[in-house]
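Student: Before I ask anything, let me first share the structure, which is written out below as structure tokens.
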Amino acid sequence: MATVDIKRNKQGVITGYRFRCCVGRENDGKGKQVWRTSQQERPDMYTGKSQSKAEEKEINRLADNWEKAQKEEYQRTHSKTDKKKIGFSDFVSNVWFPNHVQNGKHSPNGVSFFKSTSKTSVDYFKNKKLSQITPEDITKYLKYLSTEATGSQGEKYSAASQKHHLGTLHNIFSYAWRYDYIQENPVEKLESSEKPKAEKKQIDFLSPDDAKRFLHCLDAEYQSAALSGETGSIRKYYFWKLYGYLLITAGLRRGEAIGLKWSDIDSGRMMIHISRSVCPDKASPTKMTIKSTKTGGSRSVPLLQELLEMFSTFKAIEDNYFDHRTEAEKKESPESYKLPDDTFVFCSEADPYIPLYCTTPTRYLSKFVKRNNLPDVSPHDLRHTAASLALESGSNMKQIAELMGHTDIGTTAAFYAALTSAAKRRTVEGIGGLLFGTGQDEQS
């Protein structure tokens, strides 16, 4: 990020700014940093000795745009001869990471992921010339990952972690190839058998009977709270009742449900619009990131009538919970308080404009299933339950993919292969029943 220095006159009035940034390193074997500076006059709309928040924001925006332009210019004017000499570590740290990873298109978690998974390869290849790294070097690196390398806690890398590291390495070399640092991507030369293969995770989900028990327990806990008449308790248990029903019937991801706003509920069409997700910020565990959905797109999911009524009931509970007017104010304006549509459905207890912290559902659900003697499931398992119930009801893979928000039907098929086998068996038995008047049970 560019540094910004404030320039003042003798009276202390701000007159302008000085921008400075590193655009790269010299490819002379020493890796000397290359710097650029620029003088920026103060915009006419701002005056005085102090800097307002608006001015600070505008100057930072100008500095970011200037830095980006300087780095692009430096990369464009670098000769191909120089590019061939750049070392792996220099390329990752001064070209790929600032220009590709920190380009504003990746979430904080995405940036953190690339930073973590690229560190291992930088430690291994060090500053070996990028153009001299061969497919054989890559296979040796993969062997190092599987036998010697360890994570931050000293743990061995799983096959899935090795696959992530190779994916990042492929990304690095692809970027280098696109910008003429190398003639070919050595990772693409690997045979499929040479690449790490992560074991397929077993998909956990509730059976139809267990799903009914799960919903029944949500209902029972709310009914018990309702009998108490305590507003906070009523809100809490209806909150989790709605959240659980939503995941099981609509298949939302944990963060997608938390990211819902009241404006996303279309009562007329009986649909919910899913366009954002809330996830933890790994760089700052106490903070959250509100971003687009996992696939980057949006989708609309039909709502059952029962769910629509539950949303309506919960909205009334929230309107009452966040109505902080005094009795005198209520007498002056007797009409009921209504939360604005741009507030979050599953919000914090203190502020409807702040979503629930994204890991809270996992912790709550863990306690809920234990006290009700239910199968141990996570919010994501409830999403899988929605898919399994859809398949059980006769939906095809395309329909399930649309419900789950998968952009590739192959992803859906890969996840639910075992469920598909069971569905195929029922299909064949159905054909047998039509042709021969017998089912599996009658034949055995």
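Scheme for the structure tokens: letters A, B, ... for chains in order shown; per-chain residue numbers from 1; ligand numbers from 1 in order shown.
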Find the residues near stretch 273-276 of chain A: any atom within 6 Å, counting only C-alpha atoms, skip ones fewer than 4 places away on the same chain, and give them as a ChimeraX atom specification.
Tutor: /A:259,264,291-293,298-300
Student: Would you pick out the contacts of A:Thr47 at 10 Å or less, using only C-alpha atoms, so that residues sharing its chain but fewer than 5 positions from it are not included, and give the list as JSON, numbers by chain?
Tutor: {"A": [13, 14, 15, 42, 52, 55]}
Student: Keeping only C-alpha atoms, write the selected residues to a file as a PDB file, in the first residue's frame.
Tutor:
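Below is the file selection.pdb, written as the result:
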ATOM      1  CA  VAL A  13      -2.447  24.531   6.638  1.00  0.00           C
ATOM      2  CA  ILE A  14      -2.505  21.360   4.539  1.00  0.00           C
ATOM      3  CA  THR A  15      -1.394  22.183   0.971  1.00  0.00           C
ATOM      4  CA  ARG A  42      -4.888  19.269  -2.081  1.00  0.00           C
ATOM      5  CA  SER A  52     -11.707  15.329   7.615  1.00  0.00           C
ATOM      6  CA  GLU A  55     -10.806  13.960   2.712  1.00  0.00           C
TER       7      GLU A  55
END
Student: Leaving out A:Val95 and any residue of its chain fewer than 2 positions from it, which residues lie within 9 Å of it when counting only C-alpha atoms, given as a ChimeraX atom specification?
Tutor: /A:23-24,71,75,90-93,97-100,176
Student: As a ChimeraX atom specification, please: every residue in stretch 276-432 of chain A that a backbone DSSP assignment puts in helix (DSSP H, G or I).
Tutor: /A:305-321,327-332,360-371,379-392,397-404,409-415,417-432
Student: Would you pick out the contacts of A:Asp123 at 12 Å or less, using only C-alpha atoms, so that residues sharing its chain but fewer than 5 positions from it are not included, and give the list as a list in words?
Tutor: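 Those residues are Phe88, Ser89, Asp90, Val92, Ser93, Ser116, Thr117, Ser118, Lys128, Tyr141, Tyr144, Leu145, Ala149 and Thr150 of chain A.
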Student: Go ahead and save the picked residues with N, CA, C and O atoms, as a PDB file, in the first residue's frame.
Tutor:
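The new file result.pdb reads:
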ATOM      1  N   PHE A  88      11.922 -16.976  -8.000  1.00  0.00           N
ATOM      2  CA  PHE A  88      10.585 -17.396  -7.569  1.00  0.00           C
ATOM      3  C   PHE A  88      10.088 -16.543  -6.409  1.00  0.00           C
ATOM      4  O   PHE A  88       8.966 -16.028  -6.439  1.00  0.00           O
ATOM      5  N   SER A  89      10.910 -16.374  -5.376  1.00  0.00           N
ATOM      6  CA  SER A  89      10.499 -15.604  -4.202  1.00  0.00           C
ATOM      7  C   SER A  89      10.175 -14.158  -4.564  1.00  0.00           C
ATOM      8  O   SER A  89       9.159 -13.605  -4.123  1.00  0.00           O
ATOM      9  N   ASP A  90      11.030 -13.536  -5.399  1.00  0.00           N
ATOM     10  CA  ASP A  90      10.789 -12.157  -5.819  1.00  0.00           C
ATOM     11  C   ASP A  90       9.488 -12.045  -6.599  1.00  0.00           C
ATOM     12  O   ASP A  90       8.716 -11.098  -6.420  1.00  0.00           O
ATOM     13  N   VAL A  92       6.794 -14.030  -6.522  1.00  0.00           N
ATOM     14  CA  VAL A  92       5.624 -14.230  -5.665  1.00  0.00           C
ATOM     15  C   VAL A  92       5.374 -13.003  -4.792  1.00  0.00           C
ATOM     16  O   VAL A  92       4.247 -12.506  -4.694  1.00  0.00           O
ATOM     17  N   SER A  93       6.427 -12.491  -4.168  1.00  0.00           N
ATOM     18  CA  SER A  93       6.278 -11.394  -3.202  1.00  0.00           C
ATOM     19  C   SER A  93       6.007 -10.038  -3.846  1.00  0.00           C
ATOM     20  O   SER A  93       5.248  -9.227  -3.298  1.00  0.00           O
ATOM     21  N   SER A 116      -0.945 -17.898   2.936  1.00  0.00           N
ATOM     22  CA  SER A 116      -0.532 -19.074   3.698  1.00  0.00           C
ATOM     23  C   SER A 116       0.001 -20.184   2.802  1.00  0.00           C
ATOM     24  O   SER A 116       1.063 -20.761   3.069  1.00  0.00           O
ATOM     25  N   THR A 117      -0.739 -20.492   1.721  1.00  0.00           N
ATOM     26  CA  THR A 117      -0.342 -21.616   0.870  1.00  0.00           C
ATOM     27  C   THR A 117       0.841 -21.293  -0.036  1.00  0.00           C
ATOM     28  O   THR A 117       1.512 -22.210  -0.521  1.00  0.00           O
ATOM     29  N   SER A 118       1.113 -20.008  -0.282  1.00  0.00           N
ATOM     30  CA  SER A 118       2.273 -19.658  -1.103  1.00  0.00           C
ATOM     31  C   SER A 118       3.559 -19.621  -0.280  1.00  0.00           C
ATOM     32  O   SER A 118       4.661 -19.777  -0.819  1.00  0.00           O
ATOM     33  N   LYS A 128      15.105 -19.348  -6.553  1.00  0.00           N
ATOM     34  CA  LYS A 128      15.512 -20.020  -7.792  1.00  0.00           C
ATOM     35  C   LYS A 128      14.818 -19.340  -8.961  1.00  0.00           C
ATOM     36  O   LYS A 128      13.656 -18.944  -8.861  1.00  0.00           O
ATOM     37  N   TYR A 141       8.771 -31.125  -5.078  1.00  0.00           N
ATOM     38  CA  TYR A 141       8.083 -30.262  -4.119  1.00  0.00           C
ATOM     39  C   TYR A 141       6.875 -30.990  -3.512  1.00  0.00           C
ATOM     40  O   TYR A 141       6.636 -30.917  -2.297  1.00  0.00           O
ATOM     41  N   TYR A 144       8.040 -33.356  -0.991  1.00  0.00           N
ATOM     42  CA  TYR A 144       8.379 -32.598   0.219  1.00  0.00           C
ATOM     43  C   TYR A 144       7.118 -32.276   1.026  1.00  0.00           C
ATOM     44  O   TYR A 144       7.107 -32.406   2.252  1.00  0.00           O
ATOM     45  N   LEU A 145       6.050 -31.882   0.341  1.00  0.00           N
ATOM     46  CA  LEU A 145       4.795 -31.563   1.011  1.00  0.00           C
ATOM     47  C   LEU A 145       4.248 -32.770   1.768  1.00  0.00           C
ATOM     48  O   LEU A 145       3.734 -32.648   2.881  1.00  0.00           O
ATOM     49  N   ALA A 149       7.135 -31.380   4.969  1.00  0.00           N
ATOM     50  CA  ALA A 149       6.530 -30.086   5.325  1.00  0.00           C
ATOM     51  C   ALA A 149       5.503 -30.242   6.442  1.00  0.00           C
ATOM     52  O   ALA A 149       4.827 -31.264   6.546  1.00  0.00           O
ATOM     53  N   THR A 150       5.386 -29.215   7.275  1.00  0.00           N
ATOM     54  CA  THR A 150       4.400 -29.208   8.363  1.00  0.00           C
ATOM     55  C   THR A 150       3.688 -27.866   8.401  1.00  0.00           C
ATOM     56  O   THR A 150       4.206 -26.852   7.938  1.00  0.00           O
TER      57      THR A 150
END
Student: List the neighbours of A:Phe113 out to 10 Å using only C-alpha atoms; skip same-chain residues closer than 3 positions along the sequence, and give me the result as a list in words.
Tutor: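 Within the cut-off, the hits are Val101, Ser107, Pro108, Asn109, Gly110, Ser116, Thr117, Ser118, His164, His165, Thr168, Lys282 and Ala283 of chain A.
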Student: Report as CSV: every residue of stretch 190-233 of chain A with an atom at most 12 Å from stretch 320-329 of chain A, its closest pair of atoms, and their distance in Å to one decimal, counting only C-alpha atoms, with rows sorted by chain and ascending residue number.
Tutor:
residue,atom,partner,partner_atom,distance
A:Glu230,CA,A:Tyr321,CA,11.0
A:Thr231,CA,A:Tyr321,CA,7.2
A:Gly232,CA,A:Tyr321,CA,7.7
A:Ser233,CA,A:Tyr321,CA,10.9
Student: May I have the selected residues written with N, CA, C and O atoms, as a compact mmCIF listing (two decimals), in the first residue's frame?
Tutor:
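Written output follows (out24.txt):
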# COMPACT_ATOMS: atom_id res chain seq x y z
N GLU A 230 -41.39 -14.39 28.46
CA GLU A 230 -40.25 -13.47 28.50
C GLU A 230 -39.81 -13.14 27.08
O GLU A 230 -39.51 -14.02 26.27
N THR A 231 -39.80 -11.84 26.75
CA THR A 231 -39.56 -11.40 25.38
C THR A 231 -38.23 -11.91 24.82
O THR A 231 -38.18 -12.41 23.69
N GLY A 232 -37.15 -11.77 25.60
CA GLY A 232 -35.84 -12.20 25.11
C GLY A 232 -35.78 -13.68 24.83
O GLY A 232 -35.19 -14.12 23.83
N SER A 233 -36.41 -14.47 25.69
CA SER A 233 -36.42 -15.93 25.52
C SER A 233 -37.25 -16.32 24.31
O SER A 233 -36.88 -17.21 23.53
Student: Pick the closest to A:Leu246 from A:Pro302, A:Pro43, A:Pro186, A:Pro334: which is it, counting only C-alpha atoms?
Tutor: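 Of A:Pro302, A:Pro43, A:Pro186, A:Pro334, the one nearest A:Leu246, counting only C-alpha atoms, is A:Pro302.
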Student: How would you write, as a VMD selection string, the set of residues in stretch 157-354 of chain A that DSSP gives as strand (DSSP E)?
Tutor: chain A and resid 265 to 266 271 to 274 277 to 280 288 to 291 299 to 302
Student: Report, in Å to a single decimal, how far apart atom CA of A:Thr385 and atom CA of A:Cys279 are.
Tutor: 21.4 Å
